[in-house]
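What follows is a set of notes on a single structure, which appears directly below.
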Amino acid sequence: MAERPYPKLHVREKAERSLRRGHPWVYDAEITSSDDVPENGAIVDVYSAKGRWLGAGFYSEHSKIRVRVISRNTNDRFDEPFWERRLRYAVEYRRQVMGDDFEACRLVFGEADSFPGWTVDRYGDVLVSQVLSVGIETRREMLYRLLVDVLASVGVTVRAIVERNDAPVRKLEGLEQSVRLVDLPGLSTDFDGKLTIRENGILYRVDCLDGQKTGYFLDQKYNRLAAAKIARGRRVLDCFTHTGAFALNCAAAGAAHVTAVDISEDAIAAARENAVLNGLDGVMDFRAVDVFDLLTSMAAEKNCPYDYIILDPPAFTKNRGTVENAIRGYREINRRAMSLLPRGGYLATCSCSHFMTDPLFREMLAAAASDANVSLRQIEGRQQAPDHPILWNVSETDYLKFYLFQIV
């Protein structure tokens, strides 16, 4: 192999095995030596202890994830044409798999698109970016410019780019937190962050500057359709509704009545606004209460007016150390819902934590059903929408579990 211009790192056998299986991370403890002292955010070459080249990636001097691999091709040169090709692959993939839903979708999904630590969501002519790795951080303005050009080549004009770099995890990379509008030629810097999107035929107000994550959760798009398909004539309780997406899909599909519940007053206000926007408020009501408390009180009163419950909680675990506690939380809330529903009722239940793997989630659901003395008839088991693609060699990209059951 010809001499390469990048600093060289050597790794232990365990890291070599992981990289050869396709996982893209090298941890600090797995590095044995370095021929040079890499700059923070620089591209480095990774070699085995015996000198075999394993890939090239971004180097971070602060994070426990010391290298995030971006290429396993020795012919790659990391110039603008390389990044433009990567972005074009990502955009063309979404155009193919999302079809008409390309208007509001995730354009870049981190490691799944070989842009580690970078997320970009599209809401019409506005992009919302979140950068979580120093390698992307040092190249972000170039990447923004290239992404705008790639989108223009397929007929999409970008009005503004919002940077939501307010995630606490940025501190692990030695990066500051901020929210800003990207100032590049042709982009607006006076955008107030508020816009309206259409998903599954339903309109939503989205706040890109102050809303959660990038403003909206796009990954449940098709799961909401699946949930709505069985909602006609049902009395639906949508728990952890956030801005009302599952509730609105069910109401639009002909549910007899939908109650949307969230502990956040702001989320409930947004859900109510979205209901009015779509003319669905006549079959809906909204409650700002703790879901656990609500289910407990209904059980105590032996009064559950619902025959369809949807559970879409936030991640109960964000690291391996809290998985056992998370399992108990998921089991308890699912047990309560299963106990409340009548025989023949329906349950939609989700987990958005990749640490709560599908086998663990299924095992928990079986235990909850046993606790509630019910049986589960599975209607569907689903994952995230394909604009959030799953790489089988990167388990972290496989995070969303969604199940539909009838209680029998």
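The chains in the structure tokens are called A, B, ... from first to last as shown; in each chain the residues are counted from 1, and the ligands are counted from 1 in the order shown.
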request  = Name the residues of segment 139-340 of chain A that come out as alpha helix (DSSP H) in a backbone DSSP run; write them as a ChimeraX atom specification.
outcome  = /A:140-153,221-229,245-252,265-277,291-301,323-340
Selection: 7 Å around Leu127 of chain A, only C-alpha atoms, excl. self and same-chain fewer than 2 positions, as a PyMOL selection string = chain A and resi 120-123+125+129+160-162
key: Residues within 9 Å of Arg86 of chain A, only C-alpha atoms, excluding chain neighbours under 4 positions, as JSON, numbers by chain   = {"A": [81, 82, 90, 91, 113, 114, 115]}
Residues of the last selection are to be written out with N, CA, C and O atoms, as a short mmCIF file (atom, residue, chain, number, x, y, z; two decimals), in the first residue's frame.
data_model
loop_
_atom_site.label_atom_id
_atom_site.label_comp_id
_atom_site.auth_asym_id
_atom_site.auth_seq_id
_atom_site.Cartn_x
_atom_site.Cartn_y
_atom_site.Cartn_z
N PRO A 81 -14.83 16.39 -3.23
CA PRO A 81 -15.58 15.41 -4.04
C PRO A 81 -15.97 14.15 -3.26
O PRO A 81 -17.04 13.59 -3.48
N PHE A 82 -15.10 13.72 -2.32
CA PHE A 82 -15.44 12.56 -1.49
C PHE A 82 -16.68 12.85 -0.66
O PHE A 82 -17.62 12.04 -0.63
N ALA A 90 -26.54 9.69 0.38
CA ALA A 90 -27.54 9.81 1.45
C ALA A 90 -28.84 10.40 0.92
O ALA A 90 -29.94 9.92 1.23
N VAL A 91 -28.74 11.45 0.12
CA VAL A 91 -29.93 12.11 -0.41
C VAL A 91 -30.66 11.20 -1.39
O VAL A 91 -31.90 11.07 -1.34
N ASP A 113 -24.95 6.54 7.64
CA ASP A 113 -24.60 7.18 6.38
C ASP A 113 -23.10 7.50 6.31
O ASP A 113 -22.67 8.26 5.44
N SER A 114 -22.33 6.92 7.24
CA SER A 114 -20.88 7.16 7.30
C SER A 114 -20.55 8.63 7.55
O SER A 114 -19.54 9.14 7.07
N PHE A 115 -21.43 9.29 8.31
CA PHE A 115 -21.14 10.63 8.83
C PHE A 115 -21.27 10.56 10.35
O PHE A 115 -22.24 11.04 10.93
#
request  = Extract the full set of strand (DSSP E or B) residues from segment 77-301 of chain A according to DSSP on the backbone, and format it as a ChimeraX atom specification.
outcome  = /A:104-109,118-123,126-131,160-165,178-181,194-199,202-207,235-239,257-261,284-287
So that I have them on file, write out the residues from the current selection with C-alpha atoms, as an mmCIF file, in the first residue's frame.
data_model
loop_
_atom_site.group_PDB
_atom_site.id
_atom_site.type_symbol
_atom_site.label_atom_id
_atom_site.label_comp_id
_atom_site.auth_asym_id
_atom_site.auth_seq_id
_atom_site.Cartn_x
_atom_site.Cartn_y
_atom_site.Cartn_z
ATOM 1 C CA ALA A 104 -40.022 15.781 5.671
ATOM 2 C CA CYS A 105 -37.449 13.142 6.513
ATOM 3 C CA ARG A 106 -34.016 12.456 7.986
ATOM 4 C CA LEU A 107 -31.370 13.159 5.356
ATOM 5 C CA VAL A 108 -28.285 12.134 7.347
ATOM 6 C CA PHE A 109 -28.326 9.521 10.109
ATOM 7 C CA TRP A 118 -24.060 14.031 12.452
ATOM 8 C CA THR A 119 -27.834 14.191 12.053
ATOM 9 C CA VAL A 120 -29.729 16.285 9.502
ATOM 10 C CA ASP A 121 -33.527 16.460 9.253
ATOM 11 C CA ARG A 122 -35.382 18.088 6.383
ATOM 12 C CA TYR A 123 -38.581 20.036 6.951
ATOM 13 C CA VAL A 126 -35.436 24.121 6.188
ATOM 14 C CA LEU A 127 -32.695 21.773 7.404
ATOM 15 C CA VAL A 128 -31.981 21.091 11.070
ATOM 16 C CA SER A 129 -28.492 19.837 11.881
ATOM 17 C CA GLN A 130 -27.046 18.346 15.051
ATOM 18 C CA VAL A 131 -23.296 17.761 15.280
ATOM 19 C CA ALA A 160 -32.309 28.081 6.197
ATOM 20 C CA ILE A 161 -30.186 25.675 8.236
ATOM 21 C CA VAL A 162 -30.736 25.501 11.986
ATOM 22 C CA GLU A 163 -27.921 24.115 14.128
ATOM 23 C CA ARG A 164 -29.269 22.347 17.217
ATOM 24 C CA ASN A 165 -25.922 21.773 18.881
ATOM 25 C CA SER A 178 -25.235 26.246 21.076
ATOM 26 C CA VAL A 179 -28.295 26.848 18.906
ATOM 27 C CA ARG A 180 -27.876 29.076 15.872
ATOM 28 C CA LEU A 181 -28.825 29.761 12.288
ATOM 29 C CA LYS A 194 -41.381 27.920 13.296
ATOM 30 C CA LEU A 195 -42.884 26.106 10.350
ATOM 31 C CA THR A 196 -45.669 23.700 9.380
ATOM 32 C CA ILE A 197 -45.045 20.229 7.969
ATOM 33 C CA ARG A 198 -47.356 17.542 6.609
ATOM 34 C CA GLU A 199 -46.923 13.902 7.594
ATOM 35 C CA ILE A 202 -51.691 15.619 8.937
ATOM 36 C CA LEU A 203 -50.323 19.104 9.569
ATOM 37 C CA TYR A 204 -47.977 19.841 12.481
ATOM 38 C CA ARG A 205 -46.476 23.009 13.856
ATOM 39 C CA VAL A 206 -42.738 22.447 14.308
ATOM 40 C CA ASP A 207 -40.371 24.643 16.316
ATOM 41 C CA ARG A 235 -61.641 5.006 22.268
ATOM 42 C CA VAL A 236 -57.919 5.717 22.296
ATOM 43 C CA LEU A 237 -55.586 6.759 25.126
ATOM 44 C CA ASP A 238 -52.329 8.098 23.677
ATOM 45 C CA CYS A 239 -49.708 8.182 26.454
ATOM 46 C CA HIS A 257 -62.543 9.543 20.782
ATOM 47 C CA VAL A 258 -58.861 10.167 21.559
ATOM 48 C CA THR A 259 -57.325 11.360 24.822
ATOM 49 C CA ALA A 260 -53.782 12.713 24.472
ATOM 50 C CA VAL A 261 -51.681 12.641 27.655
ATOM 51 C CA MET A 284 -60.072 14.749 21.214
ATOM 52 C CA ASP A 285 -59.275 15.882 24.731
ATOM 53 C CA PHE A 286 -55.910 16.652 26.312
ATOM 54 C CA ARG A 287 -54.502 16.050 29.768
#
inquiry  = Given only C-alpha atoms as the basis, pick out the residue of A:Ala348, A:Arg12, A:Tyr399, A:Arg336 nearest to Val374 of chain A.
reply    =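 Among the listed residues, A:Arg336 lies closest to Val374 of chain A.
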task = Could you give me, as a list in words, the residues within 12 Å of Tyr6 of chain A, counting only C-alpha atoms and dropping anything in the same chain fewer than 4 positions from it?
result = Ala2, Ser34, Asp35, Asp36, Val37, Pro38, Glu39, Ala42, Ile43, Val44, Asp45, Val46, Tyr47, Trp53, Gly55, Ala56, Gly57, Phe58, Tyr59, Thr74, Arg77 and Phe78 of chain A
query = Between atom CA of Leu391 of chain A and atom CA of Arg85 of chain A, what is the spacing in Å?
reply = 19.2 Å
message = Can you pull out the residues contacting Gln384 of chain A? Cut-off 9 Å, using only C-alpha atoms, and skip same-chain residues under 5 positions away; I want them as a VMD selection string.
response = chain A and resid 218 to 223 389 to 390 398 to 402
Go ahead and save the picked residues with C-alpha atoms, as a PDB file, in the first residue's frame.
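Wrote it out as out.pdb, contents follow:
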ATOM      1  CA  LEU A 218     -39.745  11.622  12.226  1.00  0.00           C
ATOM      2  CA  ASP A 219     -38.805   8.013  12.999  1.00  0.00           C
ATOM      3  CA  GLN A 220     -42.334   6.868  13.945  1.00  0.00           C
ATOM      4  CA  LYS A 221     -43.905   8.081  10.676  1.00  0.00           C
ATOM      5  CA  TYR A 222     -45.080   4.708   9.386  1.00  0.00           C
ATOM      6  CA  ASN A 223     -45.693   3.248  12.834  1.00  0.00           C
ATOM      7  CA  PRO A 389     -31.579   3.124   8.203  1.00  0.00           C
ATOM      8  CA  ILE A 390     -30.268   0.230  10.265  1.00  0.00           C
ATOM      9  CA  ASP A 398     -31.097  -0.282  15.525  1.00  0.00           C
ATOM     10  CA  TYR A 399     -32.959   1.468  18.306  1.00  0.00           C
ATOM     11  CA  LEU A 400     -36.734   1.723  17.794  1.00  0.00           C
ATOM     12  CA  LYS A 401     -39.088  -1.122  18.679  1.00  0.00           C
ATOM     13  CA  PHE A 402     -42.828  -0.872  17.942  1.00  0.00           C
TER      14      PHE A 402
END
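Separating atom CA of Thr357 of chain A from atom CA of Leu404 of chain A is a distance of 17.1 Å.
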query = Arg362 of chain A: which residues within 12 Å, counting only C-alpha atoms, same-chain residues fewer than 3 positions away excluded, as a VMD selection string?
reply = chain A and resid 327 330 to 331 334 349 to 351 356 to 359 365 to 369 376 378 381 401 to 403
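Coordinates place atom CA of Ile407 of chain A at a distance of 7.3 Å from atom CA of Leu347 of chain A.
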key: Glu176 of chain A surroundings by only C-alpha atoms, 10 Å radius, close-in-sequence under 6 positions cut, as a list of chain:residue names   = A:Asn165, A:Asp166, A:Ala167, A:Pro168, A:Val169, A:Arg170
Emit the selected residues as a PDB file, in the first residue's frame, including C-alpha atoms.
ATOM      1  CA  ASN A 165     -25.922  21.773  18.881  1.00  0.00           C
ATOM      2  CA  ASP A 166     -27.436  21.873  22.360  1.00  0.00           C
ATOM      3  CA  ALA A 167     -27.070  18.163  23.245  1.00  0.00           C
ATOM      4  CA  PRO A 168     -25.099  17.617  26.488  1.00  0.00           C
ATOM      5  CA  VAL A 169     -23.200  14.737  24.837  1.00  0.00           C
ATOM      6  CA  ARG A 170     -21.189  17.351  22.893  1.00  0.00           C
TER       7      ARG A 170
END
